[in-house]
Amino acid sequence: MRAHFTEIPLIVDAGIGRPSDAVQAMELGMDAILLNTAVAKSGDPVGMARAMALAVEAGRAGYAADPIERRDVAVPSTPVLGLAELM
């Protein structure tokens, strides 16, 4: 969505239940997240609020850092040709 709506603030207002959801939304370029239930109904609302705040911050930082594209297969970045084999 961010690629199509570059000048409009994008805010997620539903579907965030875990900090990992918040990270993903922010990594996709959302500008903000509104949430209540995930914090209010958690076993530790203060702890969950902190986790959500950190997740939003981490997701935004990840988006801003211009991450590499996802890959379907792992590609080693360290060359392995010519190295000794350990047995």
# chains A, B, ... in the order shown; residues from 1 in each chain; ligands from 1
$ residues_around --residues "segment 46-54 of chain A" --least-positions-apart "5" --cutoff "9 Å" --atoms "only C-alpha atoms" --output "MDAnalysis selection string"
chainID A and resid 18:20 22:23 38:40 59
$ write_last_selection --atoms "C-alpha atoms" --output "CSV table (one decimal), in the first residue's frame"
chain,number,residue,atom,x,y,z
A,18,ARG,CA,1.1,-9.5,19.2
A,19,PRO,CA,4.2,-7.5,19.0
A,20,SER,CA,5.3,-9.4,15.9
A,22,ALA,CA,3.1,-4.6,14.9
A,23,VAL,CA,6.7,-5.1,13.6
A,38,ALA,CA,-4.0,-6.6,22.7
A,39,VAL,CA,-2.8,-4.6,25.7
A,40,ALA,CA,-6.0,-4.4,27.7
A,59,GLY,CA,9.5,-2.2,12.7
$ residues_around --residues "segment 29-33 of chain A" --least-positions-apart "4" --cutoff "12 Å" --atoms "only C-alpha atoms" --output "NGL selection string"
:A and (1-17 or 19 or 21-25 or 38 or 52-53 or 55-57 or 59-67)
$ select_by_dssp --residues "chain A" --states "alpha helix (DSSP H)" --output "PyMOL selection string"
chain A and resi 19-27+37-40+45-64
$ atom_distance --atom1 "atom CA of Leu35 of chain A" --atom2 "atom CA of Glu69 of chain A"
28.6 Å
$ atom_distance --atom1 "atom CA of Met26 of chain A" --atom2 "atom CA of Lys41 of chain A"
22.3 Å
$ select_by_dssp --residues "chain A" --states "strand (DSSP E)" --output "number ranges by chain"
A: 11-12, 32-33
$ write_last_selection --atoms "all heavy atoms" --output "PDB file, in the first residue's frame"
ATOM      1  N   ILE A  11      -2.539   4.073   8.710  1.00  0.00           N
ATOM      2  CA  ILE A  11      -2.640   3.689  10.115  1.00  0.00           C
ATOM      3  C   ILE A  11      -3.404   2.377  10.210  1.00  0.00           C
ATOM      4  O   ILE A  11      -4.514   2.252   9.688  1.00  0.00           O
ATOM      5  CB  ILE A  11      -3.355   4.786  10.920  1.00  0.00           C
ATOM      6  CG1 ILE A  11      -2.566   6.096  10.801  1.00  0.00           C
ATOM      7  CG2 ILE A  11      -3.511   4.361  12.378  1.00  0.00           C
ATOM      8  CD1 ILE A  11      -3.254   7.295  11.383  1.00  0.00           C
ATOM      9  N   VAL A  12      -2.838   1.414  10.907  1.00  0.00           N
ATOM     10  CA  VAL A  12      -3.498   0.128  11.137  1.00  0.00           C
ATOM     11  C   VAL A  12      -4.367   0.283  12.379  1.00  0.00           C
ATOM     12  O   VAL A  12      -3.895   0.714  13.429  1.00  0.00           O
ATOM     13  CB  VAL A  12      -2.467  -1.003  11.335  1.00  0.00           C
ATOM     14  CG1 VAL A  12      -3.172  -2.307  11.662  1.00  0.00           C
ATOM     15  CG2 VAL A  12      -1.600  -1.153  10.104  1.00  0.00           C
ATOM     16  N   ALA A  32       1.539   4.394  11.593  1.00  0.00           N
ATOM     17  CA  ALA A  32       1.165   4.265  12.994  1.00  0.00           C
ATOM     18  C   ALA A  32       0.277   3.043  13.185  1.00  0.00           C
ATOM     19  O   ALA A  32      -0.236   2.480  12.218  1.00  0.00           O
ATOM     20  CB  ALA A  32       0.433   5.508  13.469  1.00  0.00           C
ATOM     21  N   ILE A  33       0.103   2.677  14.441  1.00  0.00           N
ATOM     22  CA  ILE A  33      -0.775   1.575  14.810  1.00  0.00           C
ATOM     23  C   ILE A  33      -1.629   2.033  15.981  1.00  0.00           C
ATOM     24  O   ILE A  33      -1.116   2.583  16.956  1.00  0.00           O
ATOM     25  CB  ILE A  33       0.043   0.334  15.211  1.00  0.00           C
ATOM     26  CG1 ILE A  33       0.782  -0.212  13.998  1.00  0.00           C
ATOM     27  CG2 ILE A  33      -0.858  -0.722  15.841  1.00  0.00           C
ATOM     28  CD1 ILE A  33       1.711  -1.347  14.300  1.00  0.00           C
TER      29      ILE A  33
END
$ atom_distance --atom1 "atom CA of Ile68 of chain A" --atom2 "atom CA of Leu34 of chain A"
27.5 Å
